[in-house]
>>> print(open('structure_11.pdb').read())   # PDB, N, CA and C atoms
ATOM      1  N   MET A   1      11.632  -6.873  41.088  1.00  0.00           N
ATOM      2  CA  MET A   1      12.411  -7.985  40.600  1.00  0.00           C
ATOM      3  C   MET A   1      12.496  -7.961  39.074  1.00  0.00           C
ATOM      4  N   TYR A   2      11.375  -7.632  38.430  1.00  0.00           N
ATOM      5  CA  TYR A   2      11.360  -7.592  36.973  1.00  0.00           C
ATOM      6  C   TYR A   2      12.264  -6.487  36.441  1.00  0.00           C
ATOM      7  N   ILE A   3      12.366  -5.400  37.186  1.00  0.00           N
ATOM      8  CA  ILE A   3      13.236  -4.301  36.761  1.00  0.00           C
ATOM      9  C   ILE A   3      14.684  -4.770  36.705  1.00  0.00           C
ATOM     10  N   LEU A   4      15.100  -5.543  37.694  1.00  0.00           N
ATOM     11  CA  LEU A   4      16.462  -6.076  37.699  1.00  0.00           C
ATOM     12  C   LEU A   4      16.681  -7.022  36.526  1.00  0.00           C
ATOM     13  N   TYR A   5      15.680  -7.847  36.248  1.00  0.00           N
ATOM     14  CA  TYR A   5      15.806  -8.785  35.136  1.00  0.00           C
ATOM     15  C   TYR A   5      15.915  -8.050  33.809  1.00  0.00           C
ATOM     16  N   PHE A   6      15.100  -7.022  33.615  1.00  0.00           N
ATOM     17  CA  PHE A   6      15.159  -6.273  32.358  1.00  0.00           C
ATOM     18  C   PHE A   6      16.467  -5.500  32.230  1.00  0.00           C
ATOM     19  N   ARG A   7      17.007  -5.061  33.344  1.00  0.00           N
ATOM     20  CA  ARG A   7      18.339  -4.426  33.294  1.00  0.00           C
ATOM     21  C   ARG A   7      19.405  -5.450  32.913  1.00  0.00           C
ATOM     22  N   LEU A   8      19.255  -6.648  33.425  1.00  0.00           N
ATOM     23  CA  LEU A   8      20.187  -7.717  33.062  1.00  0.00           C
ATOM     24  C   LEU A   8      20.099  -8.014  31.572  1.00  0.00           C
ATOM     25  N   VAL A   9      18.886  -8.102  31.040  1.00  0.00           N
ATOM     26  CA  VAL A   9      18.697  -8.348  29.607  1.00  0.00           C
ATOM     27  C   VAL A   9      19.325  -7.225  28.792  1.00  0.00           C
ATOM     28  N   ALA A  10      19.114  -5.996  29.219  1.00  0.00           N
ATOM     29  CA  ALA A  10      19.680  -4.859  28.499  1.00  0.00           C
ATOM     30  C   ALA A  10      21.200  -4.856  28.577  1.00  0.00           C
ATOM     31  N   GLY A  11      21.727  -5.321  29.684  1.00  0.00           N
ATOM     32  CA  GLY A  11      23.176  -5.286  29.880  1.00  0.00           C
ATOM     33  C   GLY A  11      23.935  -6.401  29.179  1.00  0.00           C
ATOM     34  N   VAL A  12      23.444  -7.619  29.271  1.00  0.00           N
ATOM     35  CA  VAL A  12      24.202  -8.750  28.724  1.00  0.00           C
ATOM     36  C   VAL A  12      23.542  -9.410  27.531  1.00  0.00           C
ATOM     37  N   GLY A  13      22.295  -9.071  27.255  1.00  0.00           N
ATOM     38  CA  GLY A  13      21.586  -9.690  26.142  1.00  0.00           C
ATOM     39  C   GLY A  13      20.659 -10.789  26.619  1.00  0.00           C
ATOM     40  N   ALA A  14      19.668 -11.078  25.798  1.00  0.00           N
ATOM     41  CA  ALA A  14      18.629 -12.034  26.181  1.00  0.00           C
ATOM     42  C   ALA A  14      19.155 -13.456  26.323  1.00  0.00           C
ATOM     43  N   THR A  15      20.064 -13.862  25.443  1.00  0.00           N
ATOM     44  CA  THR A  15      20.560 -15.241  25.481  1.00  0.00           C
ATOM     45  C   THR A  15      21.310 -15.520  26.769  1.00  0.00           C
ATOM     46  N   LYS A  16      22.160 -14.609  27.168  1.00  0.00           N
ATOM     47  CA  LYS A  16      22.906 -14.807  28.410  1.00  0.00           C
ATOM     48  C   LYS A  16      22.016 -14.640  29.631  1.00  0.00           C
ATOM     49  N   ALA A  17      21.055 -13.747  29.552  1.00  0.00           N
ATOM     50  CA  ALA A  17      20.170 -13.518  30.700  1.00  0.00           C
ATOM     51  C   ALA A  17      19.290 -14.730  30.984  1.00  0.00           C
ATOM     52  N   ILE A  18      18.843 -15.429  29.964  1.00  0.00           N
ATOM     53  CA  ILE A  18      17.977 -16.584  30.185  1.00  0.00           C
ATOM     54  C   ILE A  18      18.726 -17.733  30.853  1.00  0.00           C
ATOM     55  N   SER A  19      20.047 -17.756  30.709  1.00  0.00           N
ATOM     56  CA  SER A  19      20.820 -18.809  31.371  1.00  0.00           C
ATOM     57  C   SER A  19      20.698 -18.701  32.888  1.00  0.00           C
ATOM     58  N   VAL A  20      20.419 -17.508  33.393  1.00  0.00           N
ATOM     59  CA  VAL A  20      20.190 -17.337  34.827  1.00  0.00           C
ATOM     60  C   VAL A  20      18.959 -18.134  35.251  1.00  0.00           C
ATOM     61  N   GLU A  21      17.929 -18.132  34.428  1.00  0.00           N
ATOM     62  CA  GLU A  21      16.712 -18.878  34.753  1.00  0.00           C
ATOM     63  C   GLU A  21      16.978 -20.380  34.817  1.00  0.00           C
ATOM     64  N   PHE A  22      17.835 -20.888  33.934  1.00  0.00           N
ATOM     65  CA  PHE A  22      18.170 -22.314  33.973  1.00  0.00           C
ATOM     66  C   PHE A  22      18.980 -22.646  35.219  1.00  0.00           C
ATOM     67  N   ALA A  23      19.857 -21.751  35.606  1.00  0.00           N
ATOM     68  CA  ALA A  23      20.681 -21.983  36.789  1.00  0.00           C
ATOM     69  C   ALA A  23      19.830 -22.022  38.056  1.00  0.00           C
ATOM     70  N   VAL A  24      18.727 -21.287  38.079  1.00  0.00           N
ATOM     71  CA  VAL A  24      17.836 -21.285  39.243  1.00  0.00           C
ATOM     72  C   VAL A  24      17.321 -22.695  39.525  1.00  0.00           C
ATOM     73  N   THR A  25      17.002 -23.437  38.491  1.00  0.00           N
ATOM     74  CA  THR A  25      16.515 -24.807  38.662  1.00  0.00           C
ATOM     75  C   THR A  25      17.572 -25.689  39.320  1.00  0.00           C
ATOM     76  N   ALA A  26      18.803 -25.590  38.843  1.00  0.00           N
ATOM     77  CA  ALA A  26      19.885 -26.400  39.412  1.00  0.00           C
ATOM     78  C   ALA A  26      20.142 -26.027  40.865  1.00  0.00           C
ATOM     79  N   VAL A  27      20.135 -24.749  41.170  1.00  0.00           N
ATOM     80  CA  VAL A  27      20.368 -24.301  42.547  1.00  0.00           C
ATOM     81  C   VAL A  27      19.221 -24.761  43.450  1.00  0.00           C
ATOM     82  N   ALA A  28      17.993 -24.703  42.972  1.00  0.00           N
ATOM     83  CA  ALA A  28      16.844 -25.130  43.782  1.00  0.00           C
ATOM     84  C   ALA A  28      16.943 -26.610  44.144  1.00  0.00           C
ATOM     85  N   VAL A  29      17.365 -27.431  43.204  1.00  0.00           N
ATOM     86  CA  VAL A  29      17.515 -28.863  43.483  1.00  0.00           C
ATOM     87  C   VAL A  29      18.602 -29.093  44.527  1.00  0.00           C
ATOM     88  N   LEU A  30      19.716 -28.400  44.403  1.00  0.00           N
ATOM     89  CA  LEU A  30      20.812 -28.571  45.358  1.00  0.00           C
ATOM     90  C   LEU A  30      20.458 -28.033  46.745  1.00  0.00           C
ATOM     91  N   VAL A  31      19.769 -26.908  46.804  1.00  0.00           N
ATOM     92  CA  VAL A  31      19.351 -26.360  48.095  1.00  0.00           C
ATOM     93  C   VAL A  31      18.334 -27.285  48.755  1.00  0.00           C
ATOM     94  N   GLY A  32      17.414 -27.825  47.985  1.00  0.00           N
ATOM     95  CA  GLY A  32      16.451 -28.779  48.530  1.00  0.00           C
ATOM     96  C   GLY A  32      17.132 -29.991  49.120  1.00  0.00           C
ATOM     97  N   SER A  33      18.192 -30.417  48.479  1.00  0.00           N
ATOM     98  CA  SER A  33      18.931 -31.567  48.977  1.00  0.00           C
ATOM     99  C   SER A  33      19.677 -31.239  50.273  1.00  0.00           C
ATOM    100  N   CYS A  34      20.316 -30.081  50.287  1.00  0.00           N
ATOM    101  CA  CYS A  34      21.134 -29.713  51.452  1.00  0.00           C
ATOM    102  C   CYS A  34      20.290 -29.288  52.658  1.00  0.00           C
ATOM    103  N   LEU A  35      19.309 -28.428  52.429  1.00  0.00           N
ATOM    104  CA  LEU A  35      18.555 -27.868  53.547  1.00  0.00           C
ATOM    105  C   LEU A  35      17.353 -28.707  53.958  1.00  0.00           C
ATOM    106  N   LEU A  36      16.715 -29.340  52.996  1.00  0.00           N
ATOM    107  CA  LEU A  36      15.504 -30.114  53.298  1.00  0.00           C
ATOM    108  C   LEU A  36      15.756 -31.612  53.335  1.00  0.00           C
ATOM    109  N   HIS A  37      17.013 -31.988  53.118  1.00  0.00           N
ATOM    110  CA  HIS A  37      17.430 -33.390  53.151  1.00  0.00           C
ATOM    111  C   HIS A  37      16.651 -34.260  52.165  1.00  0.00           C
ATOM    112  N   GLU A  38      16.352 -33.688  51.006  1.00  0.00           N
ATOM    113  CA  GLU A  38      15.695 -34.455  49.954  1.00  0.00           C
ATOM    114  C   GLU A  38      16.730 -35.310  49.249  1.00  0.00           C
ATOM    115  N   ARG A  39      16.297 -36.468  48.777  1.00  0.00           N
ATOM    116  CA  ARG A  39      17.214 -37.365  48.078  1.00  0.00           C
ATOM    117  C   ARG A  39      17.423 -36.884  46.653  1.00  0.00           C
ATOM    118  N   LEU A  40      18.645 -37.014  46.195  1.00  0.00           N
ATOM    119  CA  LEU A  40      18.976 -36.687  44.811  1.00  0.00           C
ATOM    120  C   LEU A  40      19.083 -37.971  44.012  1.00  0.00           C
ATOM    121  N   SER A  41      18.473 -37.969  42.854  1.00  0.00           N
ATOM    122  CA  SER A  41      18.584 -39.128  41.975  1.00  0.00           C
ATOM    123  C   SER A  41      19.730 -38.893  40.988  1.00  0.00           C
ATOM    124  N   ALA A  42      20.117 -39.945  40.321  1.00  0.00           N
ATOM    125  CA  ALA A  42      21.173 -39.830  39.317  1.00  0.00           C
ATOM    126  C   ALA A  42      20.737 -38.910  38.184  1.00  0.00           C
ATOM    127  N   GLU A  43      19.458 -38.942  37.850  1.00  0.00           N
ATOM    128  CA  GLU A  43      18.944 -38.073  36.788  1.00  0.00           C
ATOM    129  C   GLU A  43      19.037 -36.604  37.175  1.00  0.00           C
ATOM    130  N   GLN A  44      18.758 -36.299  38.432  1.00  0.00           N
ATOM    131  CA  GLN A  44      18.857 -34.914  38.887  1.00  0.00           C
ATOM    132  C   GLN A  44      20.297 -34.429  38.870  1.00  0.00           C
ATOM    133  N   LEU A  45      21.217 -35.274  39.283  1.00  0.00           N
ATOM    134  CA  LEU A  45      22.631 -34.897  39.258  1.00  0.00           C
ATOM    135  C   LEU A  45      23.120 -34.699  37.826  1.00  0.00           C
ATOM    136  N   LEU A  46      22.715 -35.587  36.943  1.00  0.00           N
ATOM    137  CA  LEU A  46      23.086 -35.450  35.539  1.00  0.00           C
ATOM    138  C   LEU A  46      22.472 -34.187  34.938  1.00  0.00           C
ATOM    139  N   GLY A  47      21.203 -33.944  35.237  1.00  0.00           N
ATOM    140  CA  GLY A  47      20.540 -32.745  34.746  1.00  0.00           C
ATOM    141  C   GLY A  47      21.205 -31.479  35.245  1.00  0.00           C
ATOM    142  N   THR A  48      21.602 -31.469  36.514  1.00  0.00           N
ATOM    143  CA  THR A  48      22.305 -30.314  37.071  1.00  0.00           C
ATOM    144  C   THR A  48      23.633 -30.097  36.372  1.00  0.00           C
ATOM    145  N   ALA A  49      24.353 -31.168  36.112  1.00  0.00           N
ATOM    146  CA  ALA A  49      25.631 -31.049  35.408  1.00  0.00           C
ATOM    147  C   ALA A  49      25.439 -30.502  33.996  1.00  0.00           C
ATOM    148  N   VAL A  50      24.404 -30.963  33.308  1.00  0.00           N
ATOM    149  CA  VAL A  50      24.121 -30.473  31.953  1.00  0.00           C
ATOM    150  C   VAL A  50      23.763 -28.994  31.987  1.00  0.00           C
ATOM    151  N   ILE A  51      22.948 -28.586  32.952  1.00  0.00           N
ATOM    152  CA  ILE A  51      22.559 -27.180  33.071  1.00  0.00           C
ATOM    153  C   ILE A  51      23.770 -26.303  33.349  1.00  0.00           C
ATOM    154  N   VAL A  52      24.603 -26.703  34.291  1.00  0.00           N
ATOM    155  CA  VAL A  52      25.782 -25.905  34.640  1.00  0.00           C
ATOM    156  C   VAL A  52      26.737 -25.807  33.458  1.00  0.00           C
ATOM    157  N   TYR A  53      26.968 -26.917  32.771  1.00  0.00           N
ATOM    158  CA  TYR A  53      27.864 -26.893  31.619  1.00  0.00           C
ATOM    159  C   TYR A  53      27.290 -26.039  30.486  1.00  0.00           C
ATOM    160  N   SER A  54      25.991 -26.171  30.247  1.00  0.00           N
ATOM    161  CA  SER A  54      25.362 -25.387  29.185  1.00  0.00           C
ATOM    162  C   SER A  54      25.416 -23.904  29.481  1.00  0.00           C
ATOM    163  N   CYS A  55      25.139 -23.538  30.718  1.00  0.00           N
ATOM    164  CA  CYS A  55      25.218 -22.123  31.100  1.00  0.00           C
ATOM    165  C   CYS A  55      26.634 -21.592  30.957  1.00  0.00           C
ATOM    166  N   SER A  56      27.617 -22.405  31.304  1.00  0.00           N
ATOM    167  CA  SER A  56      29.005 -21.949  31.167  1.00  0.00           C
ATOM    168  C   SER A  56      29.393 -21.778  29.705  1.00  0.00           C
ATOM    169  N   LEU A  57      28.823 -22.590  28.819  1.00  0.00           N
ATOM    170  CA  LEU A  57      29.064 -22.406  27.389  1.00  0.00           C
ATOM    171  C   LEU A  57      28.439 -21.104  26.896  1.00  0.00           C
ATOM    172  N   VAL A  58      27.191 -20.855  27.305  1.00  0.00           N
ATOM    173  CA  VAL A  58      26.488 -19.653  26.864  1.00  0.00           C
ATOM    174  C   VAL A  58      27.185 -18.398  27.381  1.00  0.00           C
ATOM    175  N   LEU A  59      27.668 -18.446  28.607  1.00  0.00           N
ATOM    176  CA  LEU A  59      28.315 -17.287  29.210  1.00  0.00           C
ATOM    177  C   LEU A  59      29.765 -17.122  28.772  1.00  0.00           C
ATOM    178  N   GLY A  60      30.267 -18.073  28.014  1.00  0.00           N
ATOM    179  CA  GLY A  60      31.640 -17.975  27.520  1.00  0.00           C
ATOM    180  C   GLY A  60      32.692 -18.354  28.540  1.00  0.00           C
ATOM    181  N   LEU A  61      32.328 -19.143  29.539  1.00  0.00           N
ATOM    182  CA  LEU A  61      33.280 -19.556  30.565  1.00  0.00           C
ATOM    183  C   LEU A  61      34.111 -20.755  30.146  1.00  0.00           C
ATOM    184  N   VAL A  62      33.632 -21.489  29.153  1.00  0.00           N
ATOM    185  CA  VAL A  62      34.359 -22.636  28.618  1.00  0.00           C
ATOM    186  C   VAL A  62      34.841 -22.256  27.221  1.00  0.00           C
ATOM    187  N   PRO A  63      36.145 -22.300  27.005  1.00  0.00           N
ATOM    188  CA  PRO A  63      36.635 -21.931  25.666  1.00  0.00           C
ATOM    189  C   PRO A  63      36.202 -22.954  24.626  1.00  0.00           C
ATOM    190  N   ARG A  64      35.811 -22.436  23.482  1.00  0.00           N
ATOM    191  CA  ARG A  64      35.401 -23.318  22.385  1.00  0.00           C
ATOM    192  C   ARG A  64      36.617 -23.719  21.580  1.00  0.00           C
ATOM    193  N   ARG A  65      36.505 -24.921  21.004  1.00  0.00           N
ATOM    194  CA  ARG A  65      37.592 -25.392  20.139  1.00  0.00           C
ATOM    195  C   ARG A  65      37.570 -24.612  18.839  1.00  0.00           C
ATOM    196  N   ARG A  66      38.721 -24.268  18.389  1.00  0.00           N
ATOM    197  CA  ARG A  66      38.825 -23.584  17.095  1.00  0.00           C
ATOM    198  C   ARG A  66      39.055 -24.612  16.016  1.00  0.00           C
ATOM    199  N   THR A  67      38.344 -24.482  14.960  1.00  0.00           N
ATOM    200  CA  THR A  67      38.545 -25.373  13.831  1.00  0.00           C
ATOM    201  C   THR A  67      39.261 -24.589  12.730  1.00  0.00           C
ATOM    202  N   HIS A  68      40.224 -25.209  12.170  1.00  0.00           N
ATOM    203  CA  HIS A  68      40.990 -24.577  11.102  1.00  0.00           C
ATOM    204  C   HIS A  68      40.396 -25.019   9.767  1.00  0.00           C
ATOM    205  N   SER A  69      39.919 -24.071   9.021  1.00  0.00           N
ATOM    206  CA  SER A  69      39.391 -24.407   7.711  1.00  0.00           C
ATOM    207  C   SER A  69      40.490 -24.215   6.684  1.00  0.00           C
ATOM    208  N   ARG A  70      40.554 -25.156   5.803  1.00  0.00           N
ATOM    209  CA  ARG A  70      41.591 -25.105   4.762  1.00  0.00           C
ATOM    210  C   ARG A  70      41.067 -24.343   3.563  1.00  0.00           C
ATOM    211  N   ALA A  71      41.886 -23.468   3.066  1.00  0.00           N
ATOM    212  CA  ALA A  71      41.503 -22.705   1.881  1.00  0.00           C
ATOM    213  C   ALA A  71      41.665 -23.591   0.645  1.00  0.00           C
ATOM    214  N   ALA A  72      40.717 -23.495  -0.247  1.00  0.00           N
ATOM    215  CA  ALA A  72      40.773 -24.348  -1.451  1.00  0.00           C
ATOM    216  C   ALA A  72      41.683 -23.767  -2.489  1.00  0.00           C
TER     217      ALA A  72
END
>>> encode(input="structure_11.pdb", output="structure tokens")
Amino acid sequence: MYILYFRLVAGVGATKAISVEFAVTAVAVLVGSCLLHERLSAEQLLGTAVIVYSCSLVLGLVPRRRTHSRAA
């Protein structure tokens, strides 16, 4: 398993690879809810949304706003 992770780090870089670890937490909460019928709190749903959005920013899935700087 570690070999795959180190290949991922080598391939996409450490910053993008660590986002996979954050996504694991969100997936675990959702799987626990679906398969084990655990209750989801509002905090867990909000946390999952923040994790998914943050990972999409790191992976470049959400376009960033461009700011136009004015030349002096």
>>> resolve_selection(input="structure_11.pdb", expression="the PyMOL selection byres (((chain A and resi 16 and name CA) around 10) and name CA)", output="PyMOL selection string")
chain A and resi 8-9+11-15+17-21+55-60
>>> select_by_dssp(input="structure_11.pdb", residues="chain A", states="alpha helix (DSSP H)", output="VMD selection string")
chain A and resid 2 to 12 14 to 35 42 to 58
>>> atom_distance(input="structure_11.pdb", atom1="CA of Leu61 in chain A", atom2="atom C of Tyr2 in chain A")
25.4 Å
>>> atom_distance(input="structure_11.pdb", atom1="atom C of Leu30 in chain A", atom2="atom N of Leu45 in chain A")
10.4 Å
>>> atom_distance(input="structure_11.pdb", atom1="CA of Leu46 in chain A", atom2="CA of Ser33 in chain A")
14.6 Å
>>> closest_residue(input="structure_11.pdb", among="A:Ser41, A:Cys34, A:Thr67, A:Phe22", to="Ser54 in chain A", atoms="only C-alpha atoms")
A:Phe22
>>> closest_residue(input="structure_11.pdb", among="A:Leu35, A:Leu40, A:Val29, A:Ala23", to="Val52 in chain A", atoms="all atoms listed in the file")
A:Ala23
>>> axis_aligned_box(input="structure_11.pdb", around="range 27-33 of chain A", padding_each_side="8 Å", output="JSON")
{"center_x": 18.6, "center_y": -27.9, "center_z": 45.7, "size_x": 20.4, "size_y": 23.3, "size_z": 25.1}
